[in-house]
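Visitor: Sending over run17.cif (mmCIF, C-alpha atoms).
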```cif
data_query
loop_
_atom_site.label_atom_id
_atom_site.label_comp_id
_atom_site.auth_asym_id
_atom_site.auth_seq_id
_atom_site.Cartn_x
_atom_site.Cartn_y
_atom_site.Cartn_z
CA MET Q 1 0.00 0.00 0.00
CA ALA Q 2 1.11 3.52 -0.64
CA ARG Q 3 2.42 5.65 2.19
CA PHE Q 4 0.27 8.52 3.39
CA SER Q 5 1.58 11.80 2.03
CA SER Q 6 2.93 14.62 4.16
CA PHE Q 7 0.86 17.77 4.38
CA LEU Q 8 0.82 21.53 4.79
CA LEU Q 9 -1.28 23.28 7.38
CA GLY Q 10 -4.24 25.17 6.00
CA LEU Q 11 -6.20 28.13 7.28
CA ALA Q 12 -9.27 27.20 9.31
CA LEU Q 13 -12.33 27.72 7.14
CA PHE Q 14 -16.05 27.97 7.87
CA ILE Q 15 -18.55 26.91 5.22
CA PRO Q 16 -22.10 28.30 5.50
CA PHE Q 17 -24.68 25.77 6.56
CA ALA Q 18 -28.43 25.48 6.91
CA ALA Q 19 -29.97 24.63 10.27
CA MET Q 20 -32.85 22.18 9.97
CA GLY Q 21 -35.75 22.17 12.41
CA GLN Q 22 -36.55 18.48 12.38
CA GLN Q 23 -38.76 17.11 15.12
CA VAL Q 24 -38.18 13.77 16.80
CA GLU Q 25 -40.98 11.25 16.35
CA THR Q 26 -41.95 9.40 19.52
CA SER Q 27 -45.06 7.58 18.34
CA HIS Q 28 -44.94 3.86 19.03
CA LEU Q 29 -46.53 3.32 15.62
CA ALA Q 30 -43.08 4.08 14.15
CA LYS Q 31 -41.37 1.49 16.38
CA MET Q 32 -42.28 -1.86 14.93
CA GLY Q 33 -39.75 -4.26 16.42
CA GLU Q 34 -38.94 -6.55 19.32
CA TRP Q 35 -36.37 -5.91 22.06
CA THR Q 36 -34.26 -8.39 24.02
CA THR Q 37 -31.84 -7.42 26.80
CA TRP Q 38 -28.66 -9.35 27.59
CA THR Q 39 -27.01 -8.87 30.99
CA ALA Q 40 -24.40 -10.57 33.17
CA GLU Q 41 -27.01 -13.21 33.98
CA ASP Q 42 -26.98 -14.16 30.29
CA GLY Q 43 -23.19 -14.38 30.10
CA LEU Q 44 -21.90 -10.82 29.70
CA PRO Q 45 -18.77 -10.06 31.77
CA GLU Q 46 -20.68 -7.19 33.41
CA ASN Q 47 -23.75 -5.11 32.65
CA GLU Q 48 -22.06 -1.90 31.46
CA VAL Q 49 -21.25 -2.64 27.82
CA ARG Q 50 -19.15 -0.01 26.05
CA SER Q 51 -18.72 -1.63 22.60
CA VAL Q 52 -20.23 -4.37 20.46
CA PHE Q 53 -18.86 -6.04 17.32
CA GLN Q 54 -19.53 -9.03 15.05
CA ASP Q 55 -16.49 -10.71 13.49
CA SER Q 56 -16.11 -12.62 10.21
CA GLN Q 57 -16.99 -15.88 12.02
CA ASP Q 58 -20.27 -14.34 13.23
CA ARG Q 59 -19.12 -14.25 16.83
CA LEU Q 60 -20.44 -11.35 18.90
CA TRP Q 61 -17.90 -9.38 20.93
CA PHE Q 62 -18.95 -7.27 23.91
CA GLY Q 63 -16.43 -4.87 25.44
CA THR Q 64 -17.22 -3.67 28.93
CA ARG Q 65 -16.28 -0.72 31.11
CA ASN Q 66 -14.33 -2.65 33.75
CA ALA Q 67 -14.46 -6.41 33.06
CA GLY Q 68 -12.79 -6.93 29.70
CA ILE Q 69 -14.43 -8.71 26.78
CA GLY Q 70 -17.03 -11.44 26.40
CA VAL Q 71 -17.29 -13.34 23.09
CA PHE Q 72 -20.39 -15.35 22.20
CA ASP Q 73 -20.25 -17.82 19.30
CA GLY Q 74 -23.94 -18.72 19.43
CA THR Q 75 -23.42 -21.53 21.93
CA ALA Q 76 -20.67 -20.72 24.42
CA TRP Q 77 -18.89 -17.71 25.91
CA ALA Q 78 -15.17 -16.90 26.01
CA TYR Q 79 -13.69 -14.12 28.14
CA TYR Q 80 -10.57 -11.95 27.95
CA THR Q 81 -9.04 -9.55 30.47
CA THR Q 82 -5.68 -7.92 31.17
CA GLY Q 83 -4.58 -11.32 32.47
CA ASP Q 84 -4.85 -12.58 28.90
CA GLY Q 85 -2.99 -9.63 27.36
CA LEU Q 86 -5.56 -6.87 27.01
CA ILE Q 87 -4.13 -3.38 27.46
CA SER Q 88 -7.07 -2.62 29.75
CA ASN Q 89 -10.29 -4.12 31.07
CA GLY Q 90 -12.10 -0.98 29.89
CA ILE Q 91 -12.88 -1.47 26.19
CA SER Q 92 -14.02 1.37 23.92
CA SER Q 93 -14.04 -0.25 20.45
CA ILE Q 94 -13.44 -3.53 18.62
CA VAL Q 95 -12.61 -4.14 14.94
CA GLU Q 96 -11.22 -6.92 12.73
CA ASP Q 97 -8.53 -6.37 10.10
CA THR Q 98 -8.20 -8.10 6.73
CA SER Q 99 -5.91 -10.76 8.24
CA GLY Q 100 -8.56 -11.76 10.76
CA ARG Q 101 -6.78 -10.12 13.68
CA ILE Q 102 -8.97 -8.47 16.31
CA TRP Q 103 -8.00 -4.97 17.45
CA ILE Q 104 -9.42 -3.49 20.63
CA SER Q 105 -8.95 -0.03 22.09
CA GLY Q 106 -9.31 1.25 25.62
CA ARG Q 107 -7.59 2.91 28.51
CA GLY Q 108 -3.86 3.17 27.97
CA GLY Q 109 -3.68 2.04 24.35
CA TYR Q 110 -4.80 -0.86 22.19
CA SER Q 111 -4.32 -4.65 21.86
CA ILE Q 112 -4.23 -7.03 18.92
CA LEU Q 113 -5.40 -10.67 18.99
CA ASP Q 114 -3.43 -12.72 16.45
CA GLY Q 115 -4.46 -16.36 16.63
CA ASN Q 116 -4.64 -17.06 20.35
CA THR Q 117 -2.24 -14.36 21.50
CA TRP Q 118 -3.05 -10.84 22.63
CA THR Q 119 -0.34 -8.20 22.27
CA PRO Q 120 -0.86 -4.91 24.17
CA HIS Q 121 0.47 -1.58 22.85
CA ASP Q 122 0.73 1.46 25.11
CA SER Q 123 1.66 4.01 22.44
CA LEU Q 124 0.87 5.16 18.92
CA GLY Q 125 4.37 6.08 17.85
CA PRO Q 126 4.91 9.60 19.22
CA ILE Q 127 1.44 9.60 20.81
CA LYS Q 128 1.25 8.26 24.36
CA PRO Q 129 -2.50 8.03 24.92
CA ARG Q 130 -4.35 7.84 28.20
CA VAL Q 131 -7.24 6.43 26.14
CA VAL Q 132 -7.69 5.18 22.59
CA PHE Q 133 -11.33 6.02 21.97
CA SER Q 134 -11.95 4.35 18.62
CA ILE Q 135 -10.61 2.10 15.88
CA SER Q 136 -12.23 2.09 12.44
CA ARG Q 137 -11.49 0.49 9.06
CA ASP Q 138 -11.87 2.35 5.77
CA SER Q 139 -12.71 1.14 2.23
CA GLU Q 140 -9.02 0.59 1.47
CA GLU Q 141 -8.67 -1.50 4.63
CA HIS Q 142 -6.57 1.09 6.47
CA LEU Q 143 -7.13 1.30 10.22
CA TRP Q 144 -7.69 4.61 12.00
CA LEU Q 145 -7.28 5.18 15.72
CA GLY Q 146 -8.57 8.23 17.59
CA ALA Q 147 -6.94 8.88 20.93
CA ASN Q 148 -6.19 11.30 23.72
CA GLY Q 149 -3.13 12.90 22.16
CA GLY Q 150 -4.05 12.74 18.48
CA ALA Q 151 -4.86 10.17 15.80
CA SER Q 152 -3.00 7.51 13.82
CA GLY Q 153 -3.55 5.63 10.57
CA PHE Q 154 -2.12 2.22 9.67
CA ASP Q 155 -2.04 1.01 6.05
CA GLY Q 156 -0.80 -2.49 6.85
CA SER Q 157 2.87 -1.59 6.97
CA THR Q 158 3.25 2.11 7.77
CA TRP Q 159 1.87 4.33 10.51
CA THR Q 160 1.01 8.00 10.02
CA HIS Q 161 0.32 10.25 12.98
CA PHE Q 162 -1.68 13.46 13.37
CA LYS Q 163 -1.30 15.75 16.39
CA PRO Q 164 -2.32 19.31 17.33
CA SER Q 165 1.05 20.48 15.98
CA ASP Q 166 -0.09 19.06 12.61
CA GLY Q 167 -3.27 21.14 12.61
CA LEU Q 168 -5.78 19.23 14.75
CA PRO Q 169 -7.94 21.68 16.74
CA HIS Q 170 -7.69 19.60 19.93
CA GLN Q 171 -5.54 16.77 21.21
CA VAL Q 172 -8.57 14.60 22.04
CA VAL Q 173 -9.78 12.80 18.89
CA HIS Q 174 -12.92 10.75 19.46
CA SER Q 175 -13.31 9.33 15.96
CA VAL Q 176 -11.58 9.22 12.56
CA LEU Q 177 -13.05 8.47 9.12
CA ARG Q 178 -11.58 8.38 5.63
CA ASP Q 179 -14.45 8.97 3.20
CA ARG Q 180 -14.93 7.65 -0.34
CA SER Q 181 -13.30 10.74 -1.81
CA GLY Q 182 -10.16 10.20 0.25
CA ASN Q 183 -10.76 13.02 2.74
CA ILE Q 184 -9.74 12.20 6.31
CA TRP Q 185 -12.00 13.60 9.03
CA PHE Q 186 -11.17 13.93 12.73
CA ALA Q 187 -13.92 14.38 15.33
CA CYS Q 188 -12.24 16.32 18.14
CA ARG Q 189 -13.34 17.51 21.55
CA ARG Q 190 -13.21 21.04 20.17
CA GLY Q 191 -13.78 21.17 16.45
CA LEU Q 192 -13.88 19.02 13.35
CA ALA Q 193 -10.76 18.69 11.20
CA GLN Q 194 -10.60 17.75 7.51
CA PHE Q 195 -7.39 16.60 5.82
CA LYS Q 196 -7.79 17.15 2.08
CA SER Q 197 -5.21 17.60 -0.67
CA ASP Q 198 -2.38 17.72 1.88
CA THR Q 199 -4.09 20.57 3.77
CA MET Q 200 -5.77 20.52 7.19
CA SER Q 201 -8.82 22.73 7.73
CA VAL Q 202 -10.98 23.15 10.83
CA HIS Q 203 -14.77 23.53 11.06
CA PHE Q 204 -17.09 24.40 13.96
CA PRO Q 205 -14.35 24.71 16.62
CA GLU Q 206 -16.95 25.47 19.30
CA SER Q 207 -18.55 21.99 19.09
CA ASN Q 208 -17.55 18.73 20.79
CA PHE Q 209 -17.57 16.11 18.03
CA GLY Q 210 -17.98 12.45 18.90
CA SER Q 211 -18.73 10.46 15.73
CA ILE Q 212 -18.36 10.42 11.95
CA LEU Q 213 -20.44 8.37 9.50
CA GLU Q 214 -20.68 8.20 5.71
CA ASP Q 215 -24.12 7.21 4.41
CA GLN Q 216 -25.08 5.26 1.28
CA ASP Q 217 -25.28 8.44 -0.80
CA GLY Q 218 -21.83 9.65 0.18
CA ASN Q 219 -23.05 12.27 2.67
CA VAL Q 220 -20.86 12.50 5.77
CA TRP Q 221 -22.55 12.94 9.16
CA PHE Q 222 -20.83 14.35 12.21
CA GLY Q 223 -22.31 13.78 15.66
CA THR Q 224 -21.77 16.05 18.64
CA ARG Q 225 -22.45 16.31 22.33
CA GLY Q 226 -24.88 19.21 22.51
CA SER Q 227 -24.81 20.71 19.00
CA GLY Q 228 -26.91 18.19 17.09
CA THR Q 229 -25.52 16.51 13.99
CA TYR Q 230 -24.07 18.09 10.86
CA LYS Q 231 -24.42 16.60 7.37
CA PHE Q 232 -21.94 17.46 4.61
CA ASP Q 233 -22.82 16.56 1.00
CA GLY Q 234 -19.47 17.61 -0.42
CA LEU Q 235 -20.53 21.22 -0.95
CA ASN Q 236 -23.03 22.26 1.71
CA TRP Q 237 -23.50 21.76 5.43
CA THR Q 238 -26.87 21.03 7.06
CA GLN Q 239 -27.45 20.90 10.80
CA HIS Q 240 -30.05 18.51 12.25
CA LEU Q 241 -31.50 18.58 15.76
CA SER Q 242 -29.54 21.60 16.97
CA GLY Q 243 -28.83 21.56 20.68
CA MET Q 244 -29.09 17.79 21.07
CA ASP Q 245 -26.55 15.17 22.06
CA ILE Q 246 -26.66 12.86 19.04
CA ARG Q 247 -23.92 10.81 17.38
CA PRO Q 248 -24.77 8.97 14.10
CA THR Q 249 -22.92 5.66 14.20
CA ILE Q 250 -24.14 3.19 11.54
CA VAL Q 251 -26.29 2.94 8.41
CA ASP Q 252 -28.41 -0.21 8.30
CA LYS Q 253 -29.09 -2.27 5.18
CA ASP Q 254 -32.30 -0.33 4.53
CA GLY Q 255 -30.44 2.99 4.58
CA ARG Q 256 -31.59 4.17 8.01
CA ILE Q 257 -29.09 6.04 10.13
CA TRP Q 258 -28.80 5.00 13.78
CA ALA Q 259 -27.43 7.47 16.31
CA ILE Q 260 -26.46 7.02 19.96
CA THR Q 261 -26.72 9.47 22.87
CA ASP Q 262 -25.29 9.74 26.38
CA ASP Q 263 -28.63 9.73 28.20
CA ASN Q 264 -31.42 10.10 25.65
CA GLY Q 265 -31.63 6.65 24.09
CA VAL Q 266 -31.04 6.04 20.39
CA LEU Q 267 -32.44 7.72 17.30
CA SER Q 268 -33.00 6.51 13.75
CA TYR Q 269 -33.38 8.61 10.61
CA ASP Q 270 -35.14 7.34 7.48
CA GLY Q 271 -34.38 10.39 5.34
CA ASP Q 272 -37.46 12.27 6.52
CA THR Q 273 -38.06 11.64 10.21
CA TRP Q 274 -35.96 11.13 13.32
CA THR Q 275 -37.41 8.48 15.66
CA ARG Q 276 -36.29 8.06 19.27
CA TYR Q 277 -36.13 4.76 21.18
CA LYS Q 278 -35.78 4.73 24.97
CA THR Q 279 -36.20 2.41 27.94
CA ASP Q 280 -39.98 2.72 27.69
CA ASP Q 281 -39.71 1.07 24.26
CA GLY Q 282 -37.48 -1.80 25.46
CA LEU Q 283 -33.94 -0.35 25.34
CA ALA Q 284 -31.91 -1.54 28.35
CA SER Q 285 -30.66 1.96 29.20
CA ASN Q 286 -30.91 5.46 27.78
CA SER Q 287 -27.09 5.72 27.98
CA VAL Q 288 -25.85 4.10 24.77
CA TYR Q 289 -22.21 3.69 23.73
CA GLY Q 290 -22.31 1.76 20.46
CA VAL Q 291 -24.46 0.03 17.84
CA ILE Q 292 -23.95 -2.52 15.08
CA GLU Q 293 -26.17 -4.29 12.57
CA ALA Q 294 -25.52 -8.03 12.60
CA ARG Q 295 -25.58 -10.04 9.41
CA ASP Q 296 -29.01 -11.44 10.30
CA GLY Q 297 -30.38 -7.88 10.28
CA THR Q 298 -30.77 -7.48 14.04
CA LEU Q 299 -29.38 -4.40 15.73
CA TRP Q 300 -27.23 -4.57 18.86
CA PHE Q 301 -26.78 -1.65 21.24
CA ALA Q 302 -24.08 -1.40 23.89
CA THR Q 303 -25.65 0.31 26.90
CA GLU Q 304 -25.00 1.13 30.54
CA ALA Q 305 -27.34 -1.68 31.67
CA GLY Q 306 -26.58 -4.49 29.22
CA ALA Q 307 -26.68 -5.22 25.50
CA SER Q 308 -29.99 -4.60 23.74
CA GLN Q 309 -30.95 -6.65 20.68
CA TYR Q 310 -33.56 -5.11 18.39
CA THR Q 311 -35.30 -7.13 15.69
CA ILE Q 312 -37.31 -5.08 13.20
CA ARG Q 313 -40.44 -6.94 12.17
CA SER Q 314 -40.90 -7.53 8.46
CA THR Q 315 -44.01 -5.34 8.40
CA ALA Q 316 -41.81 -2.32 9.16
CA ARG Q 317 -39.70 -2.72 6.02
#
```
How does this structure look as structure tokens?

Guide:
Amino acid sequence: MARFSSFLLGLALFIPFAAMGQQVETSHLAKMGEWTTWTAEDGLPENEVRSVFQDSQDRLWFGTRNAGIGVFDGTAWAYYTTGDGLISNGISSIVEDTSGRIWISGRGGYSILDGNTWTPHDSLGPIKPRVVFSISRDSEEHLWLGANGGASGFDGSTWTHFKPSDGLPHQVVHSVLRDRSGNIWFACRRGLAQFKSDTMSVHFPESNFGSILEDQDGNVWFGTRGSGTYKFDGLNWTQHLSGMDIRPTIVDKDGRIWAITDDNGVLSYDGDTWTRYKTDDGLASNSVYGVIEARDGTLWFATEAGASQYTIRSTAR
């Protein structure tokens, strides 16, 4: 794979955007599905689940706040902690690379499972993180890690590192995404950074960004804590649900966007309407840390009180 190019720092730019006044739908008529909650009584290492992932063997991985990882293969559970080689028992994200290795991030760094062996890493080159918040994989199979201290990309052989001295608006990077056009986006505690054509630019430095998602149409969504979510179509910015804590995280196979919140449940967006799901609907907790769509079409949510499984009934499609 080609090395990432070096870059020049660019002037921070602000692109005009439109603020949208969408309302959140709460009618149960829009929520046609069935909920199941998994807790420690069902095999989870503990109830507070911080990340959820399905690997290429269809195993479900659940990373917890304090008790490591539980892996369910459909029949039996396996468990991993620092005693097995994890960098930490607090797990923030889980991903699989093209070689079948499992990468996990958490307090103090990240770990890689290769075969049956975990290898912990307490640094990202020049970055010595207190926490690695996220690991993601792009369309060219590069891995991207967002951390306290900056961000790093790995193309399979070479690491590239981005720090505030390289133009990031803040040292805390919650999420990184490389979009289809090759732009690299960094969701920072203060501001959103875009690396394009060897130039770094900064947008909305007053907002605390927590997630980045590219939808099926190539729009990029940026979630925040307290400023709603911004959509960028390549030319124009649109703000949805201004003032809300909302972080778009996945697009399901029907094109719906699913967003998590710290204490307001989860929201889905079908292109017209935002719909909220909370504990009254069957969600285990209104504090949600992650979501995936499994290959069978069910949705899994990592929450403060267990893992919630949501099966959308066929009549809702």

Visitor: If you apply the PyMOL selection byres ((chain Q and resi 310) around 8) to this file, what residues do you get, as a list of chain:residue names?

Guide: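 The output of the PyMOL selection byres ((chain Q and resi 310) around 8) on this file is Q:Gly33, Q:Glu34, Q:Trp35, Q:Thr36, Q:Thr298, Q:Leu299, Q:Trp300, Q:Ser308, Q:Gln309, Q:Thr311, Q:Ile312.
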
Visitor: Hey, what's within 6 Å of stretch 194-197 of chain Q if we count all atoms listed in the file and toss same-chain stuff fewer than 3 positions away? As a list in words, please?

Guide: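 So the residues in contact are Asn183, Ile184, Trp185, Met200 and Ser201 of chain Q.
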
Visitor: Considering all atoms listed in the file, return as a list in words whatever protein or nucleic-acid residues lie within 9 Å of Q:Gly70, sequence-local ones (same chain, fewer than 2 positions apart) excluded.

Guide: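 Answer for this query is Gly43, Leu44, Pro45, Glu46, Leu60, Trp61, Phe62, Gly63, Thr64, Ala67, Gly68, Phe72, Trp77, Ala78, Tyr79 and Tyr80 of chain Q.
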
Visitor: Pick from Q:Val220, Q:Ala193, Q:Ile102, Q:Leu283: nearest to Q:Asp179, with all atoms listed in the file counted?

Guide: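 Smallest distance to Q:Asp179 is found for Q:Val220.
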
Visitor: Just how far from atom CA of Q:Pro205 is atom CA of Q:Pro129, in Å to one decimal?

Guide: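 Straight-line distance from atom CA of Q:Pro129 to atom CA of Q:Pro205 works out to 22.1 Å.
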
Visitor: Go through Q:Val71, Q:Ile292, Q:Val52, Q:Leu113 one by one, measure the shortest atom-to-atom distance of each to Q:Gly85 using all atoms listed in the file, and give the residue with the smallest value.

Guide: Q:Leu113
